[in-house]
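Reading through the C-alpha cells given below for one structure.
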Amino acid sequence: MNLRPATPSDYDRIITVVDAWWTREVHAILPRLFLDHFHRTSLIAETPNDLAGFLVGFLSPSLPDTAYIHFVGVNPGFRGTGLARRLYEAFFALARADGRTTVRALTSPENTASIAFHQAMGFTATLATAHDGPGTDRVLFHRPLGG
Ligand SMILES: CC(C)(COP(=O)(O)OP(=O)(O)OC[C@H]1O[C@@H](n2cnc3c(N)ncnc32)[C@H](O)[C@@H]1OP(=O)(O)O)[C@@H](O)C(=O)NCCC(=O)NCCS
C-alpha cells in the first residue's frame, strides 16, 4: 500500500467512487476545487490496481494554528485494516511540520461510523445545532496535535 500526496488529476478517480463508498450521494460536497487548490495537503492510498483510500485536508489560511480534514474515504475492500488511521496520522505529521496545533473536522449526526472513527482517533465530538444553516446540525470534531 503506497501513500502519496494527491495531484489535481486524482479528482477524476475519487469523484467516481465517493457515492458508492459513502452509500449515499455526497459528490456535491466534494467539488474539484478541493483537489485543485489543496492537493499538496491531501493524500492518496493506492495499490498497483486500486484506489484504496484518500484524505482531503488543508492548512487553514485564516486560523494559523488549525488544520482541517474535509473528507476521508476508504475503499470498502480495505476497511478495518487501519488505513484511515494511517491517512490521518500522515496528515497530522504534515500539519505539525507546519506548526499547526489543532485538527478539526465535522460530520452529520447520522454518520455514526464517522463519529466512532473520530472518537477512536482521539477527537472530541460536539453537537452544533444549525451549524450549516437552519435544520442542518453537525457534529464538530477537534483534536490537539501535541507531540
Ligand atoms: C470511516 C472510515 C474512513 C474508516 O476507515 P477504516 O480504514 O476502516 O478505519 P481504520 O481501520 O483506520 O480504523 C481506525 C479506528 O477507527 C475505528 N473505526 C473505524 N470505523 C469504525 C466504525 N464503523 N465503527 C466503529 N469504529 C470504527 C476502528 O475500530 C479503529 O480504532 P482502533 O485503531 O482504536 O482499533 C471508512 O469506514 C469509510 O470510508 N466510510 C465511508 C466514508 C465516511 O463516512 N467517511 C468519514 C466522514 S468524511
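The way I read the labels, and the way they are meant: chains A, B, ... in the order of the C-alpha cells, residue 1 as the first residue of every chain, and ligand 1 as the first ligand shown, with later ones counted on from there.
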Which residues form the shell of 7 Å around ligand 1 when you count only C-alpha atoms and all ligand atoms, given as a list in words?
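Counting only C-alpha atoms and all ligand atoms, the residues within 7 Å of ligand 1 come out as Trp21, Trp22, His70, Phe71, Val72, Gly73, Val74, Asn75, Pro76, Phe78, Arg79, Gly80, Thr81, Gly82, Leu83, Ala84, Arg85, Arg86, Thr107, Asn111, Ala113, Ser114, Ala116, Phe117, His118, Ala120 and Met121 of chain A.
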What does the file look like for those residues with N, CA and C atoms, as a PDB file, in the first residue's frame?
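Generated output (result00.pdb):
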```pdb
ATOM      1  N   TRP A  21     -18.842   4.538  -1.990  1.00  0.00           N
ATOM      2  CA  TRP A  21     -18.139   4.314  -0.720  1.00  0.00           C
ATOM      3  C   TRP A  21     -18.955   4.821   0.469  1.00  0.00           C
ATOM      4  N   TRP A  22     -19.686   5.936   0.259  1.00  0.00           N
ATOM      5  CA  TRP A  22     -20.500   6.516   1.351  1.00  0.00           C
ATOM      6  C   TRP A  22     -21.900   5.885   1.416  1.00  0.00           C
ATOM      7  N   HIS A  70     -11.456  17.676   5.423  1.00  0.00           N
ATOM      8  CA  HIS A  70     -12.788  17.820   4.814  1.00  0.00           C
ATOM      9  C   HIS A  70     -13.409  16.469   4.507  1.00  0.00           C
ATOM     10  N   PHE A  71     -12.611  15.531   4.036  1.00  0.00           N
ATOM     11  CA  PHE A  71     -13.144  14.249   3.594  1.00  0.00           C
ATOM     12  C   PHE A  71     -12.105  13.170   3.850  1.00  0.00           C
ATOM     13  N   VAL A  72     -12.539  12.005   4.336  1.00  0.00           N
ATOM     14  CA  VAL A  72     -11.685  10.818   4.293  1.00  0.00           C
ATOM     15  C   VAL A  72     -12.550   9.667   3.834  1.00  0.00           C
ATOM     16  N   GLY A  73     -12.038   8.851   2.966  1.00  0.00           N
ATOM     17  CA  GLY A  73     -12.794   7.691   2.497  1.00  0.00           C
ATOM     18  C   GLY A  73     -11.854   6.525   2.285  1.00  0.00           C
ATOM     19  N   VAL A  74     -12.321   5.343   2.665  1.00  0.00           N
ATOM     20  CA  VAL A  74     -11.548   4.111   2.444  1.00  0.00           C
ATOM     21  C   VAL A  74     -12.414   3.154   1.633  1.00  0.00           C
ATOM     22  N   ASN A  75     -11.828   2.613   0.580  1.00  0.00           N
ATOM     23  CA  ASN A  75     -12.477   1.598  -0.255  1.00  0.00           C
ATOM     24  C   ASN A  75     -13.032   0.486   0.653  1.00  0.00           C
ATOM     25  N   PRO A  76     -14.307   0.122   0.508  1.00  0.00           N
ATOM     26  CA  PRO A  76     -14.880  -0.891   1.404  1.00  0.00           C
ATOM     27  C   PRO A  76     -14.027  -2.163   1.494  1.00  0.00           C
ATOM     28  N   PHE A  78     -10.938  -2.372   1.758  1.00  0.00           N
ATOM     29  CA  PHE A  78      -9.721  -2.141   2.557  1.00  0.00           C
ATOM     30  C   PHE A  78     -10.056  -1.628   3.957  1.00  0.00           C
ATOM     31  N   ARG A  79     -11.326  -1.651   4.334  1.00  0.00           N
ATOM     32  CA  ARG A  79     -11.698  -1.109   5.666  1.00  0.00           C
ATOM     33  C   ARG A  79     -11.282  -2.043   6.796  1.00  0.00           C
ATOM     34  N   GLY A  80     -11.157  -1.452   7.959  1.00  0.00           N
ATOM     35  CA  GLY A  80     -10.863  -2.238   9.151  1.00  0.00           C
ATOM     36  C   GLY A  80      -9.425  -2.703   9.222  1.00  0.00           C
ATOM     37  N   THR A  81      -8.557  -2.112   8.405  1.00  0.00           N
ATOM     38  CA  THR A  81      -7.147  -2.525   8.404  1.00  0.00           C
ATOM     39  C   THR A  81      -6.229  -1.408   8.891  1.00  0.00           C
ATOM     40  N   GLY A  82      -6.820  -0.335   9.398  1.00  0.00           N
ATOM     41  CA  GLY A  82      -6.000   0.766   9.898  1.00  0.00           C
ATOM     42  C   GLY A  82      -5.612   1.778   8.830  1.00  0.00           C
ATOM     43  N   LEU A  83      -6.238   1.705   7.650  1.00  0.00           N
ATOM     44  CA  LEU A  83      -5.827   2.619   6.575  1.00  0.00           C
ATOM     45  C   LEU A  83      -6.244   4.066   6.855  1.00  0.00           C
ATOM     46  N   ALA A  84      -7.462   4.278   7.340  1.00  0.00           N
ATOM     47  CA  ALA A  84      -7.881   5.646   7.655  1.00  0.00           C
ATOM     48  C   ALA A  84      -6.999   6.205   8.773  1.00  0.00           C
ATOM     49  N   ARG A  85      -6.647   5.362   9.743  1.00  0.00           N
ATOM     50  CA  ARG A  85      -5.731   5.819  10.808  1.00  0.00           C
ATOM     51  C   ARG A  85      -4.408   6.262  10.196  1.00  0.00           C
ATOM     52  N   ARG A  86      -3.889   5.476   9.250  1.00  0.00           N
ATOM     53  CA  ARG A  86      -2.612   5.828   8.602  1.00  0.00           C
ATOM     54  C   ARG A  86      -2.726   7.154   7.844  1.00  0.00           C
ATOM     55  N   THR A 107     -18.953  16.099  10.777  1.00  0.00           N
ATOM     56  CA  THR A 107     -19.789  15.141  10.057  1.00  0.00           C
ATOM     57  C   THR A 107     -21.248  15.407  10.410  1.00  0.00           C
ATOM     58  N   ASN A 111     -24.035  10.090  10.685  1.00  0.00           N
ATOM     59  CA  ASN A 111     -22.877   9.289  10.268  1.00  0.00           C
ATOM     60  C   ASN A 111     -22.184   8.713  11.509  1.00  0.00           C
ATOM     61  N   ALA A 113     -20.667   5.928  11.912  1.00  0.00           N
ATOM     62  CA  ALA A 113     -19.348   5.310  11.666  1.00  0.00           C
ATOM     63  C   ALA A 113     -18.260   6.382  11.749  1.00  0.00           C
ATOM     64  N   SER A 114     -18.547   7.549  11.163  1.00  0.00           N
ATOM     65  CA  SER A 114     -17.568   8.633  11.199  1.00  0.00           C
ATOM     66  C   SER A 114     -17.353   9.109  12.638  1.00  0.00           C
ATOM     67  N   ALA A 116     -17.720   7.339  15.402  1.00  0.00           N
ATOM     68  CA  ALA A 116     -16.948   6.302  16.114  1.00  0.00           C
ATOM     69  C   ALA A 116     -15.481   6.348  15.679  1.00  0.00           C
ATOM     70  N   PHE A 117     -15.260   6.515  14.379  1.00  0.00           N
ATOM     71  CA  PHE A 117     -13.878   6.579  13.873  1.00  0.00           C
ATOM     72  C   PHE A 117     -13.136   7.770  14.496  1.00  0.00           C
ATOM     73  N   HIS A 118     -13.768   8.947  14.472  1.00  0.00           N
ATOM     74  CA  HIS A 118     -13.071  10.123  15.004  1.00  0.00           C
ATOM     75  C   HIS A 118     -12.812   9.997  16.510  1.00  0.00           C
ATOM     76  N   ALA A 120     -12.279   7.189  18.054  1.00  0.00           N
ATOM     77  CA  ALA A 120     -11.147   6.246  18.157  1.00  0.00           C
ATOM     78  C   ALA A 120      -9.827   6.947  17.841  1.00  0.00           C
ATOM     79  N   MET A 121      -9.891   7.993  17.011  1.00  0.00           N
ATOM     80  CA  MET A 121      -8.681   8.731  16.631  1.00  0.00           C
ATOM     81  C   MET A 121      -8.359   9.856  17.615  1.00  0.00           C
TER      82      MET A 121
END
```
Quick one: residues within 8 Å of His27 (chain A), only C-alpha atoms counted, chain neighbours fewer than 4 positions away excluded, as a ChimeraX atom specification?
/A:15,18-19,31
Using 9 Å as the limit and counting only C-alpha atoms, can you tabulate each residue of region 81-134 of chain A that touches region 38-54 of chain A, with its shortest atom-to-atom distance in Å and the two atoms involved, as CSV?
```
residue,atom,partner,partner_atom,distance
A:Leu83,CA,A:Gly53,CA,7.5
A:Ala84,CA,A:Gly53,CA,7.5
A:Leu87,CA,A:Leu43,CA,7.0
A:Ala90,CA,A:Leu43,CA,8.3
A:Phe91,CA,A:Thr41,CA,7.3
A:Leu94,CA,A:Thr41,CA,7.6
A:Ala95,CA,A:Thr41,CA,8.5
```
Could you turn the residues from that selection into a file that holds all heavy atoms, as a short mmCIF file (atom, residue, chain, number, x, y, z; two decimals), in the first residue's frame?
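The resulting out.cif:
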```cif
data_model
loop_
_atom_site.label_atom_id
_atom_site.label_comp_id
_atom_site.auth_asym_id
_atom_site.auth_seq_id
_atom_site.Cartn_x
_atom_site.Cartn_y
_atom_site.Cartn_z
N LEU A 83 -6.24 1.70 7.65
CA LEU A 83 -5.83 2.62 6.57
C LEU A 83 -6.24 4.07 6.86
O LEU A 83 -5.45 5.00 6.65
CB LEU A 83 -6.39 2.15 5.23
CG LEU A 83 -5.98 3.01 4.04
CD1 LEU A 83 -4.47 3.20 3.95
CD2 LEU A 83 -6.51 2.41 2.75
N ALA A 84 -7.46 4.28 7.34
CA ALA A 84 -7.88 5.65 7.65
C ALA A 84 -7.00 6.21 8.77
O ALA A 84 -6.61 7.38 8.75
CB ALA A 84 -9.35 5.69 8.05
N LEU A 87 -3.83 7.34 7.14
CA LEU A 87 -4.03 8.60 6.41
C LEU A 87 -4.09 9.77 7.39
O LEU A 87 -3.47 10.82 7.16
CB LEU A 87 -5.32 8.53 5.58
CG LEU A 87 -5.27 7.66 4.32
CD1 LEU A 87 -6.68 7.31 3.84
CD2 LEU A 87 -4.49 8.37 3.21
N ALA A 90 -0.62 10.52 8.84
CA ALA A 90 0.23 11.22 7.85
C ALA A 90 -0.17 12.69 7.75
O ALA A 90 0.69 13.58 7.65
CB ALA A 90 0.13 10.53 6.49
N PHE A 91 -1.47 12.96 7.81
CA PHE A 91 -1.93 14.36 7.76
C PHE A 91 -1.51 15.09 9.04
O PHE A 91 -1.06 16.25 8.98
CB PHE A 91 -3.45 14.42 7.57
CG PHE A 91 -3.96 15.83 7.46
CD1 PHE A 91 -3.83 16.56 6.28
CD2 PHE A 91 -4.57 16.45 8.55
CE1 PHE A 91 -4.28 17.88 6.17
CE2 PHE A 91 -5.04 17.76 8.46
CZ PHE A 91 -4.89 18.47 7.27
N LEU A 94 2.08 16.18 8.68
CA LEU A 94 2.34 17.35 7.82
C LEU A 94 1.80 18.64 8.46
O LEU A 94 2.37 19.72 8.29
CB LEU A 94 1.84 17.12 6.39
CG LEU A 94 0.36 17.16 6.03
CD1 LEU A 94 -0.13 18.58 5.79
CD2 LEU A 94 0.11 16.31 4.78
N ALA A 95 0.71 18.51 9.22
CA ALA A 95 0.17 19.69 9.90
C ALA A 95 1.12 20.15 11.01
O ALA A 95 1.39 21.36 11.15
CB ALA A 95 -1.21 19.37 10.46
#
```
Kindly indicate which residue among A:His37, A:His131, A:Arg32, A:Arg100 lies nearest to Ser60 (chain A), using only C-alpha atoms for the distances.
A:Arg100
According to DSSP computed on the backbone, where in region 3-143 of chain A is there strand (DSSP E)? Give the residues as a PyMOL selection string.
chain A and resi 3-5+43-46+51-59+66-74+102-107+124-128+138-143
Selection: 9 Å around Leu127 (chain A), only C-alpha atoms, excl. self and same-chain fewer than 4 positions, as a PyMOL selection string:
chain A and resi 109+131+137-140
Can you tell me, as a VMD selection string, which residues in chain A count as helix (DSSP H, G or I) by DSSP?
chain A and resid 10 to 22 27 to 29 33 to 41 76 to 78 83 to 97 112 to 120
Rounded to one decimal, what separation in Å do you get between CA of Ala125 (chain A) and CA of Glu25 (chain A)?
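Between CA of Ala125 (chain A) and CA of Glu25 (chain A) the gap is 23.8 Å.
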Residue nearest Asp12 (chain A) - candidates A:Gly135, A:Leu30, A:Glu89, A:Leu106, atoms counted: only C-alpha atoms
A:Leu30
